[in-house]
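The file model.pdb contains PDB, C-alpha atoms and all ligand atoms:
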```pdb
ATOM      1  CA  MET A1364     115.631  61.489  67.962
ATOM      2  CA  THR A1365     115.431  64.153  65.237
ATOM      3  CA  PRO A1366     114.647  67.508  66.843
ATOM      4  CA  ARG A1367     111.522  69.328  65.685
ATOM      5  CA  VAL A1368     113.320  72.675  65.490
ATOM      6  CA  PHE A1369     117.052  73.157  65.441
ATOM      7  CA  LEU A1370     118.720  76.529  65.958
ATOM      8  CA  GLN A1371     122.326  76.867  64.985
ATOM      9  CA  GLU A1372     124.342  79.923  65.974
ATOM     10  CA  LEU A1373     121.304  82.161  65.623
ATOM     11  CA  GLY A1374     122.004  85.871  65.839
ATOM     12  CA  VAL A1375     119.416  88.650  65.522
ATOM     13  CA  SER A1376     119.982  92.405  65.311
ATOM     14  CA  TYR A1377     117.246  95.000  64.920
ATOM     15  CA  ARG A1378     118.062  97.892  62.592
ATOM     16  CA  SER A1379     116.391 101.272  62.572
ATOM     17  CA  ASN A1380     117.484 104.838  61.749
ATOM     18  CA  GLY A1381     121.027 103.711  61.046
ATOM     19  CA  THR A1382     121.486 102.055  64.441
ATOM     20  CA  GLU A1383     121.649  98.365  65.212
ATOM     21  CA  VAL A1384     120.552  96.625  68.425
ATOM     22  CA  GLU A1385     121.861  93.119  68.924
ATOM     23  CA  ALA A1386     119.029  91.112  70.527
ATOM     24  CA  LEU A1387     120.403  87.557  70.221
ATOM     25  CA  ARG A1388     123.898  86.196  69.745
ATOM     26  CA  ASP A1389     125.118  82.705  68.936
ATOM     27  CA  ILE A1390     122.068  80.741  70.097
ATOM     28  CA  SER A1391     122.246  77.006  69.447
ATOM     29  CA  LEU A1392     119.513  74.792  70.838
ATOM     30  CA  GLU A1393     116.909  72.258  69.782
ATOM     31  CA  ILE A1394     113.214  71.919  70.481
ATOM     32  CA  ARG A1395     112.449  68.233  70.666
ATOM     33  CA  THR A1396     109.323  66.545  69.384
ATOM     34  CA  GLY A1397     106.588  66.694  72.020
ATOM     35  CA  GLU A1398     108.734  68.475  74.595
ATOM     36  CA  ARG A1399     107.874  71.529  76.645
ATOM     37  CA  LEU A1400     110.815  73.904  76.556
ATOM     38  CA  ALA A1401     110.719  77.069  78.658
ATOM     39  CA  ILE A1402     112.762  80.156  77.844
ATOM     40  CA  ILE A1403     113.306  82.311  80.890
ATOM     41  CA  GLY A1404     115.186  85.534  81.469
ATOM     42  CA  GLU A1405     114.754  89.122  82.514
ATOM     43  CA  SER A1406     113.117  91.791  80.407
ATOM     44  CA  GLY A1407     115.207  92.507  77.316
ATOM     45  CA  SER A1408     117.090  89.202  77.398
ATOM     46  CA  GLY A1409     115.831  88.307  73.927
ATOM     47  CA  LYS A1410     113.037  85.823  74.714
ATOM     48  CA  SER A1411     110.402  87.362  72.438
ATOM     49  CA  THR A1412     112.970  87.913  69.707
ATOM     50  CA  LEU A1413     113.726  84.190  69.777
ATOM     51  CA  ALA A1414     110.020  83.357  69.475
ATOM     52  CA  LEU A1415     109.508  85.835  66.632
ATOM     53  CA  ALA A1416     112.591  84.511  64.804
ATOM     54  CA  ILE A1417     111.295  80.924  65.002
ATOM     55  CA  ALA A1418     107.843  82.034  63.819
ATOM     56  CA  GLY A1419     109.339  84.103  60.987
ATOM     57  CA  LEU A1420     107.689  87.239  62.342
ATOM     58  CA  LEU A1421     110.690  89.557  62.671
ATOM     59  CA  PRO A1422     110.593  92.881  60.795
ATOM     60  CA  ALA A1423     112.067  92.727  57.293
ATOM     61  CA  SER A1424     114.861  95.129  58.298
ATOM     62  CA  THR A1425     116.199  92.690  60.908
ATOM     63  CA  ARG A1426     119.628  91.117  60.379
ATOM     64  CA  ILE A1427     119.473  87.375  61.022
ATOM     65  CA  GLU A1428     122.510  85.114  61.175
ATOM     66  CA  GLY A1429     122.777  81.370  61.625
ATOM     67  CA  ARG A1430     120.112  78.776  60.866
ATOM     68  CA  ILE A1431     116.675  77.660  61.974
ATOM     69  CA  ASP A1432     115.893  74.185  60.662
ATOM     70  CA  TRP A1433     112.776  72.014  60.880
ATOM     71  CA  PRO A1434     114.250  68.591  60.082
ATOM     72  CA  GLU A1435     110.961  66.656  60.415
ATOM     73  CA  LEU A1436     108.985  69.030  58.222
ATOM     74  CA  GLY A1437     111.128  69.005  55.105
ATOM     75  CA  ARG A1438     109.828  72.402  53.961
ATOM     76  CA  VAL A1439     109.740  75.989  55.124
ATOM     77  CA  PRO A1440     107.355  76.215  58.109
ATOM     78  CA  GLN A1441     104.290  78.409  57.829
ATOM     79  CA  ASN A1442     103.198  80.573  60.715
ATOM     80  CA  GLY A1443      99.613  79.746  61.651
ATOM     81  CA  ARG A1444      99.851  76.302  60.096
ATOM     82  CA  ASP A1445     103.023  74.750  61.540
ATOM     83  CA  ILE A1446     103.452  77.254  64.354
ATOM     84  CA  GLY A1447     100.718  78.491  66.674
ATOM     85  CA  PHE A1448     101.493  81.685  68.562
ATOM     86  CA  VAL A1449      99.805  82.851  71.777
ATOM     87  CA  PHE A1450     100.770  86.350  72.939
ATOM     88  CA  GLN A1451     100.455  87.959  76.372
ATOM     89  CA  ASP A1452      97.598  90.127  75.151
ATOM     90  CA  PRO A1453      94.900  88.151  73.302
ATOM     91  CA  ALA A1454      94.044  91.406  71.503
ATOM     92  CA  SER A1455      97.237  90.852  69.480
ATOM     93  CA  SER A1456      95.759  87.795  67.822
ATOM     94  CA  LEU A1457      91.996  88.423  68.050
ATOM     95  CA  ASN A1458      90.233  90.775  65.668
ATOM     96  CA  PRO A1459      87.713  92.912  67.624
ATOM     97  CA  VAL A1460      85.261  93.241  64.719
ATOM     98  CA  LEU A1461      85.014  89.561  63.820
ATOM     99  CA  THR A1462      83.097  86.955  65.795
ATOM    100  CA  ILE A1463      85.046  84.278  67.627
ATOM    101  CA  GLY A1464      83.658  81.683  65.216
ATOM    102  CA  GLU A1465      84.695  83.641  62.112
ATOM    103  CA  GLN A1466      88.290  84.054  63.226
ATOM    104  CA  ILE A1467      88.902  80.479  64.323
ATOM    105  CA  ALA A1468      87.080  79.085  61.296
ATOM    106  CA  GLU A1469      89.197  81.287  59.014
ATOM    107  CA  VAL A1470      92.405  79.643  60.299
ATOM    108  CA  ALA A1471      90.946  76.161  59.808
ATOM    109  CA  ARG A1472      89.669  77.062  56.335
ATOM    110  CA  THR A1473      92.944  78.617  55.191
ATOM    111  CA  HIS A1474      95.297  75.954  56.487
ATOM    112  CA  LEU A1475      93.260  72.734  56.524
ATOM    113  CA  GLY A1476      91.404  73.244  53.253
ATOM    114  CA  LEU A1477      87.975  72.865  54.901
ATOM    115  CA  ASN A1478      84.825  74.564  53.637
ATOM    116  CA  TRP A1479      83.066  77.162  55.835
ATOM    117  CA  ARG A1480      80.594  74.709  57.357
ATOM    118  CA  GLN A1481      83.373  72.273  58.271
ATOM    119  CA  SER A1482      85.523  75.150  59.548
ATOM    120  CA  TYR A1483      82.761  76.361  61.886
ATOM    121  CA  LYS A1484      82.299  72.823  63.136
ATOM    122  CA  ARG A1485      86.034  72.643  63.844
ATOM    123  CA  ALA A1486      85.866  76.047  65.575
ATOM    124  CA  GLU A1487      83.110  74.791  67.849
ATOM    125  CA  GLU A1488      85.095  71.628  68.667
ATOM    126  CA  LEU A1489      88.130  73.760  69.470
ATOM    127  CA  LEU A1490      86.132  76.021  71.799
ATOM    128  CA  HIS A1491      84.955  72.892  73.523
ATOM    129  CA  ARG A1492      88.553  71.649  73.826
ATOM    130  CA  VAL A1493      89.714  74.898  75.451
ATOM    131  CA  HIS A1494      86.793  74.550  77.908
ATOM    132  CA  LEU A1495      84.961  77.698  76.934
ATOM    133  CA  PRO A1496      81.474  77.581  78.439
ATOM    134  CA  ASP A1497      78.725  77.125  75.835
ATOM    135  CA  PRO A1498      80.912  76.838  72.717
ATOM    136  CA  ALA A1499      77.953  76.962  70.322
ATOM    137  CA  SER A1500      76.894  80.445  71.526
ATOM    138  CA  ALA A1501      80.506  81.625  71.829
ATOM    139  CA  LEU A1502      80.907  81.191  68.065
ATOM    140  CA  SER A1503      78.771  84.275  67.477
ATOM    141  CA  ALA A1504      80.267  86.354  70.331
ATOM    142  CA  PHE A1505      82.808  89.132  69.828
ATOM    143  CA  PRO A1506      86.094  89.191  71.798
ATOM    144  CA  HIS A1507      85.003  92.127  74.014
ATOM    145  CA  GLN A1508      82.076  90.058  75.305
ATOM    146  CA  LEU A1509      84.462  87.607  76.995
ATOM    147  CA  SER A1510      86.637  87.841  80.117
ATOM    148  CA  GLY A1511      90.439  88.085  79.831
ATOM    149  CA  GLY A1512      90.870  84.392  80.646
ATOM    150  CA  GLN A1513      88.171  83.394  78.150
ATOM    151  CA  ARG A1514      89.786  85.561  75.460
ATOM    152  CA  GLN A1515      93.090  83.790  76.095
ATOM    153  CA  ARG A1516      91.301  80.429  75.702
ATOM    154  CA  VAL A1517      89.957  81.628  72.342
ATOM    155  CA  ALA A1518      93.438  82.801  71.309
ATOM    156  CA  ILE A1519      94.748  79.328  72.169
ATOM    157  CA  ALA A1520      91.943  77.684  70.179
ATOM    158  CA  GLU A1521      92.885  79.843  67.200
ATOM    159  CA  ALA A1522      96.591  79.069  67.641
ATOM    160  CA  ILE A1523      96.005  75.302  67.528
ATOM    161  CA  ALA A1524      93.255  75.375  64.867
ATOM    162  CA  ALA A1525      95.565  74.181  62.070
ATOM    163  CA  ARG A1526      97.181  71.460  64.250
ATOM    164  CA  PRO A1527     100.623  73.110  64.447
ATOM    165  CA  ALA A1528     103.735  71.127  65.329
ATOM    166  CA  LEU A1529     104.935  73.893  67.631
ATOM    167  CA  LEU A1530     102.952  76.083  69.998
ATOM    168  CA  ILE A1531     104.687  79.233  71.179
ATOM    169  CA  ALA A1532     103.253  80.836  74.319
ATOM    170  CA  ASP A1533     104.970  84.199  74.867
ATOM    171  CA  GLU A1534     104.119  85.367  78.398
ATOM    172  CA  ALA A1535     100.670  83.954  77.596
ATOM    173  CA  THR A1536      99.559  83.931  81.224
ATOM    174  CA  SER A1537     101.392  87.009  82.559
ATOM    175  CA  ALA A1538      98.406  89.353  82.370
ATOM    176  CA  LEU A1539      96.053  86.954  84.166
ATOM    177  CA  ASP A1540      95.382  86.567  87.873
ATOM    178  CA  THR A1541      96.953  83.590  89.637
ATOM    179  CA  ILE A1542      93.958  81.266  89.483
ATOM    180  CA  VAL A1543      93.219  81.905  85.802
ATOM    181  CA  GLN A1544      96.968  81.642  85.110
ATOM    182  CA  ALA A1545      97.018  78.153  86.652
ATOM    183  CA  GLU A1546      93.961  77.135  84.618
ATOM    184  CA  ILE A1547      95.539  78.321  81.362
ATOM    185  CA  VAL A1548      98.831  76.558  82.153
ATOM    186  CA  THR A1549      96.882  73.339  82.823
ATOM    187  CA  LEU A1550      94.992  73.788  79.553
ATOM    188  CA  ILE A1551      98.186  74.320  77.547
ATOM    189  CA  GLN A1552      99.734  71.196  79.093
ATOM    190  CA  GLU A1553      96.624  69.167  78.258
ATOM    191  CA  LEU A1554      96.562  70.312  74.617
ATOM    192  CA  ILE A1555     100.297  69.698  74.124
ATOM    193  CA  VAL A1556      99.924  66.083  75.213
ATOM    194  CA  GLN A1557      96.680  65.483  73.275
ATOM    195  CA  ASP A1558      98.023  66.887  69.987
ATOM    196  CA  GLY A1559     101.684  65.808  70.287
ATOM    197  CA  MET A1560     102.780  69.431  69.849
ATOM    198  CA  SER A1561     106.069  70.824  71.095
ATOM    199  CA  LEU A1562     105.771  73.851  73.355
ATOM    200  CA  LEU A1563     108.008  76.886  73.584
ATOM    201  CA  PHE A1564     106.911  78.537  76.823
ATOM    202  CA  ILE A1565     108.334  82.016  77.299
ATOM    203  CA  SER A1566     108.262  83.532  80.745
ATOM    204  CA  HIS A1567     110.207  85.787  83.080
ATOM    205  CA  ASP A1568     108.990  83.574  85.933
ATOM    206  CA  ILE A1569     111.236  80.604  86.736
ATOM    207  CA  ALA A1570     108.701  79.143  89.187
ATOM    208  CA  LEU A1571     105.952  79.121  86.573
ATOM    209  CA  ALA A1572     108.320  77.761  83.923
ATOM    210  CA  SER A1573     109.309  74.912  86.224
ATOM    211  CA  GLU A1574     105.640  73.978  86.598
ATOM    212  CA  ILE A1575     105.197  73.351  82.901
ATOM    213  CA  ALA A1576     108.554  72.634  81.257
ATOM    214  CA  ASP A1577     110.561  69.475  80.664
ATOM    215  CA  ARG A1578     113.642  71.636  80.028
ATOM    216  CA  ILE A1579     114.494  75.233  80.784
ATOM    217  CA  ALA A1580     116.787  77.530  78.800
ATOM    218  CA  VAL A1581     118.061  80.588  80.667
ATOM    219  CA  PHE A1582     118.728  83.735  78.622
ATOM    220  CA  ARG A1583     120.595  86.886  79.586
ATOM    221  CA  TYR A1584     121.612  89.848  77.422
ATOM    222  CA  GLY A1585     120.699  87.915  74.288
ATOM    223  CA  ARG A1586     122.880  84.920  75.139
ATOM    224  CA  LEU A1587     121.978  81.403  76.213
ATOM    225  CA  VAL A1588     123.309  81.070  79.767
ATOM    226  CA  GLU A1589     122.394  77.408  80.290
ATOM    227  CA  ILE A1590     119.880  74.810  79.184
ATOM    228  CA  ALA A1591     119.022  71.608  81.017
ATOM    229  CA  ASP A1592     116.237  69.450  82.417
ATOM    230  CA  THR A1593     113.947  71.445  84.697
ATOM    231  CA  ASN A1594     114.892  69.384  87.710
ATOM    232  CA  ARG A1595     118.593  70.074  87.149
ATOM    233  CA  ILE A1596     118.094  73.805  86.579
ATOM    234  CA  VAL A1597     116.066  74.128  89.772
ATOM    235  CA  THR A1598     118.160  71.916  92.046
ATOM    236  CA  ALA A1599     121.679  72.231  90.644
ATOM    237  CA  PRO A1600     122.124  75.222  88.326
ATOM    238  CA  THR A1601     125.665  75.429  86.985
ATOM    239  CA  GLU A1602     125.558  79.175  86.322
ATOM    240  CA  ALA A1603     125.557  81.842  89.014
ATOM    241  CA  TYR A1604     122.952  83.821  87.073
ATOM    242  CA  THR A1605     120.451  80.943  87.208
ATOM    243  CA  ARG A1606     121.015  80.716  90.943
ATOM    244  CA  GLN A1607     120.289  84.465  91.148
ATOM    245  CA  LEU A1608     116.988  83.965  89.323
ATOM    246  CA  LEU A1609     116.086  81.177  91.749
ATOM    247  CA  ASP A1610     117.100  83.323  94.717
ATOM    248  CA  ALA A1611     114.935  86.162  93.416
ATOM    249  CA  HIS A1612     111.940  83.943  94.145
ATOM    250  CA  MET A1613     113.072  83.383  97.712
ATOM    251  CA  GLY A1614     110.285  84.345 100.085
ATOM    252  CA  LEU A1615     107.759  84.145  97.279
ATOM    253  CA  ASP A1616     107.242  80.789  95.690
ATOM    254  CA  VAL A1617     110.688  79.232  95.472
ATOM    255  CA  GLU A1618     110.024  77.080  98.515
ATOM    256  CA  PRO A1619     107.242  75.021  96.995
ATOM    257  CA  LEU A1620     109.284  74.949  93.801
ATOM    258  CA  LEU A1621     112.313  73.474  95.556
ATOM    259  CA  ARG A1622     110.216  71.127  97.699
ATOM    260  CA  LYS A1623     108.660  69.705  94.566
ATOM    261  CA  ALA A1624     112.074  69.319  92.972
ATOM    262  CA  GLU A1625     113.360  67.485  96.056
ATOM    263  CA  ALA A1626     110.345  65.199  96.001
ATOM    264  CA  GLY A1627     111.300  64.347  92.411
ATOM    265  CA  LYS A1628     108.051  65.666  90.976
ATOM    266  CA  LEU A1629     109.721  67.935  88.488
ATOM    267  CA  SER A1630     111.364  65.299  86.386
TER     268      SER A1630
HETATM  269  N1  LIG B   1     111.434  95.988  67.074
HETATM  270  C1  LIG B   1     112.557  96.260  67.765
HETATM  271  N2  LIG B   1     113.402  97.227  67.340
HETATM  272  C2  LIG B   1     114.542  97.515  68.012
HETATM  273  N3  LIG B   1     114.947  96.857  69.124
HETATM  274  C3  LIG B   1     114.146  95.891  69.605
HETATM  275  C4  LIG B   1     112.913  95.542  68.950
HETATM  276  N4  LIG B   1     112.327  94.545  69.663
HETATM  277  C5  LIG B   1     113.156  94.273  70.689
HETATM  278  N5  LIG B   1     114.254  95.069  70.662
HETATM  279  C6  LIG B   1     115.383  95.046  71.606
HETATM  280  O1  LIG B   1     115.930  93.730  71.565
HETATM  281  C7  LIG B   1     116.306  93.308  72.868
HETATM  282  C8  LIG B   1     115.564  92.022  73.217
HETATM  283  O2  LIG B   1     114.174  92.305  73.320
HETATM  284  P1  LIG B   1     113.081  91.177  73.553
HETATM  285  O3  LIG B   1     111.752  91.827  73.461
HETATM  286  O4  LIG B   1     113.362  90.032  72.653
HETATM  287  O5  LIG B   1     113.377  90.732  75.064
HETATM  288  P2  LIG B   1     112.438  89.962  76.083
HETATM  289  O6  LIG B   1     113.343  89.100  76.895
HETATM  290  O7  LIG B   1     111.336  89.284  75.357
HETATM  291  O8  LIG B   1     111.869  91.137  76.968
HETATM  292  P3  LIG B   1     110.420  91.282  77.677
HETATM  293  O9  LIG B   1     110.365  90.194  78.725
HETATM  294  O10 LIG B   1     110.446  92.655  78.248
HETATM  295  O11 LIG B   1     109.405  91.101  76.587
HETATM  296  C9  LIG B   1     116.002  94.474  73.791
HETATM  297  O12 LIG B   1     117.171  95.237  73.936
HETATM  298  C10 LIG B   1     114.946  95.249  73.026
HETATM  299  O13 LIG B   1     114.972  96.612  73.387
END
```
Represent the supplied structure as structure tokens.
Amino acid sequence: MTPRVFLQELGVSYRSNGTEVEALRDISLEIRTGERLAIIGESGSGKSTLALAIAGLLPASTRIEGRIDWPELGRVPQNGRDIGFVFQDPASSLNPVLTIGEQIAEVARTHLGLNWRQSYKRAEELLHRVHLPDPASALSAFPHQLSGGQRQRVAIAEAIAARPALLIADEATSALDTIVQAEIVTLIQELIVQDGMSLLFISHDIALASEIADRIAVFRYGRLVEIADTNRIVTAPTEAYTRQLLDAHMGLDVEPLLRKAEAGKLS
């Protein structure tokens, strides 16, 4: 099957004040149509850089090598239209001085060519889809009037407003408490299936990644350590570093994670 996104020998270096920091080196991988791919790794391993590179959001001064192709699309992808991005902090994507309705409708209007009335209708439908209580009233609310979990639901609604082919969730649940985190993960899974999107799920948490992903890619120091089906990564990692990440969960939540893998529920 043609992959949705294909990275070939991608390298990224940040440049500032005459110095260069290499954030990614020689990354080749594909994101398949409709799949949920998790990127895991410690802080500084290059996960966010990968997401920003795919979304075309890296600073202009950045040196980028290799290729990022979208074989199905046949044109240069547009952030917001072909790619929806959900950040850890919803404040990164939500404008505090605009109502929820205005900001979601704006995405629909810009990318789907709808008029304002149609865009607001779509915004209300989207708020309903992300299970925000009372979507009609939420349209006229401002971000600060919502809880953290509700704001993240709105950020997700905005990210999927233009029906993107790829949804990138960069530590999208890390700032939330465990129960809200589980609800948001469930929501993302639901939307991915309903809309046929591919998901790039970025997390430092291998247990969480294994809950949501079909495949997991392990990053370290800007390199791809290994990539495989979730079940294989969790039960039979080939790299010592992946085993270390699994061991780091020992005593926390690796037990349920491994039990599920043994019961074959992760495949
Ligand atoms: N704008 C930038 N300018 C210079 N260096 C940067 C910039 N952004 C990231 N880096 C560096 O690039 C490397 C990879 O960072 P990146 O944020 O991609 O890692 P990460 O795995 O997402 O980390 P975290 O989990 O902490 O977000 C790090 O060494 C980081 O310090």
For this file, the PyMOL selection byres (((not hetatm)) within 10 of (chain B and resi 1)) selects which residues, as a ChimeraX atom specification? /A:1375-1379,1382-1387,1402-1416,1421-1422,1424-1425,1451,1533-1534,1565-1568,1582-1585
Could you check how far atom CA of A:His1507 sits from atom CA of A:Pro1459, in Å to one decimal?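 Taking atom CA of A:His1507 and atom CA of A:Pro1459, their separation equals 7.0 Å.
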Please evaluate the PyMOL selection byres (((chain A and resi 1445) around 12) and not hetatm) against the structure above and give the resulting residues as number ranges by chain. A: 1367-1368, 1417-1419, 1433, 1435-1444, 1446-1448, 1470, 1474-1475, 1522-1531, 1560-1561
If you count only C-alpha atoms, the residue of A:Leu1495, A:Leu1373, A:Ala1520, A:Ala1570 closest to A:His1612 turns out to be A:Ala1570
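Picture a line from atom CA of A:Thr1593 to atom CA of A:Arg1578; it runs 4.7 Å.
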Distance criterion (only C-alpha atoms): nearest to A:Pro1434 out of A:Leu1550, A:Ile1463, A:Ile1394, A:Ile1542: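 Ranking A:Leu1550, A:Ile1463, A:Ile1394, A:Ile1542 by distance to A:Pro1434, first place goes to A:Ile1394.
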Nearest residue to A:Thr1541 from the set A:Leu1502, A:Ala1591, A:Leu1489, A:Leu1571 (distances using all atoms listed in the file): A:Leu1571
Separation of atom CA of A:Pro1453 and atom CA of A:Leu1509, in Å?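 Atom-to-atom, atom CA of A:Pro1453 to atom CA of A:Leu1509, that is 11.1 Å.
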Could you list as a list in words every residue that has an atom within 9 Å of (90.6, 79.0, 60.2), using the file's coordinates and counting all atoms listed in the file?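 Every polymer residue passing the test: Gly1464, Glu1465, Gln1466, Ile1467, Ala1468, Glu1469, Val1470, Ala1471, Arg1472, Thr1473, His1474, Leu1475, Leu1477, Trp1479, Ser1482, Tyr1483, Arg1485, Ala1486, Glu1521, Ala1524 and Ala1525 of chain A.
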For A:Ile1551, find every residue with an atom within 9 Å (counting all atoms listed in the file), except residues of its own chain fewer than 2 positions away, and show them as number ranges by chain. A: 1493, 1519, 1532, 1546-1549, 1553-1556, 1562, 1575
A:Val1597, A:Ala1423, A:Ala1545, A:Ile1579: which is nearest A:Leu1392, counting all atoms listed in the file? A:Ile1579
Would you mind telling me which residue in A:Ser1500, A:Phe1450, A:Gln1513, A:Tyr1604 lies nearest to A:Arg1586 when using only C-alpha atoms?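 The shortest atom-to-atom distance to A:Arg1586 comes from A:Tyr1604.
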Translate the PyMOL selection byres (((chain A and resi 1512) around 8) and not hetatm) into a concrete residue list for this structure, as a VMD selection string. chain A and resid 1510 to 1511 1513 to 1516 1539 1543 1547
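Shortest separation to A:Ser1456 among A:Gly1429, A:Ala1580, A:Glu1488, A:Ala1518 occurs at residue A:Ala1518, atoms counted being all atoms listed in the file.
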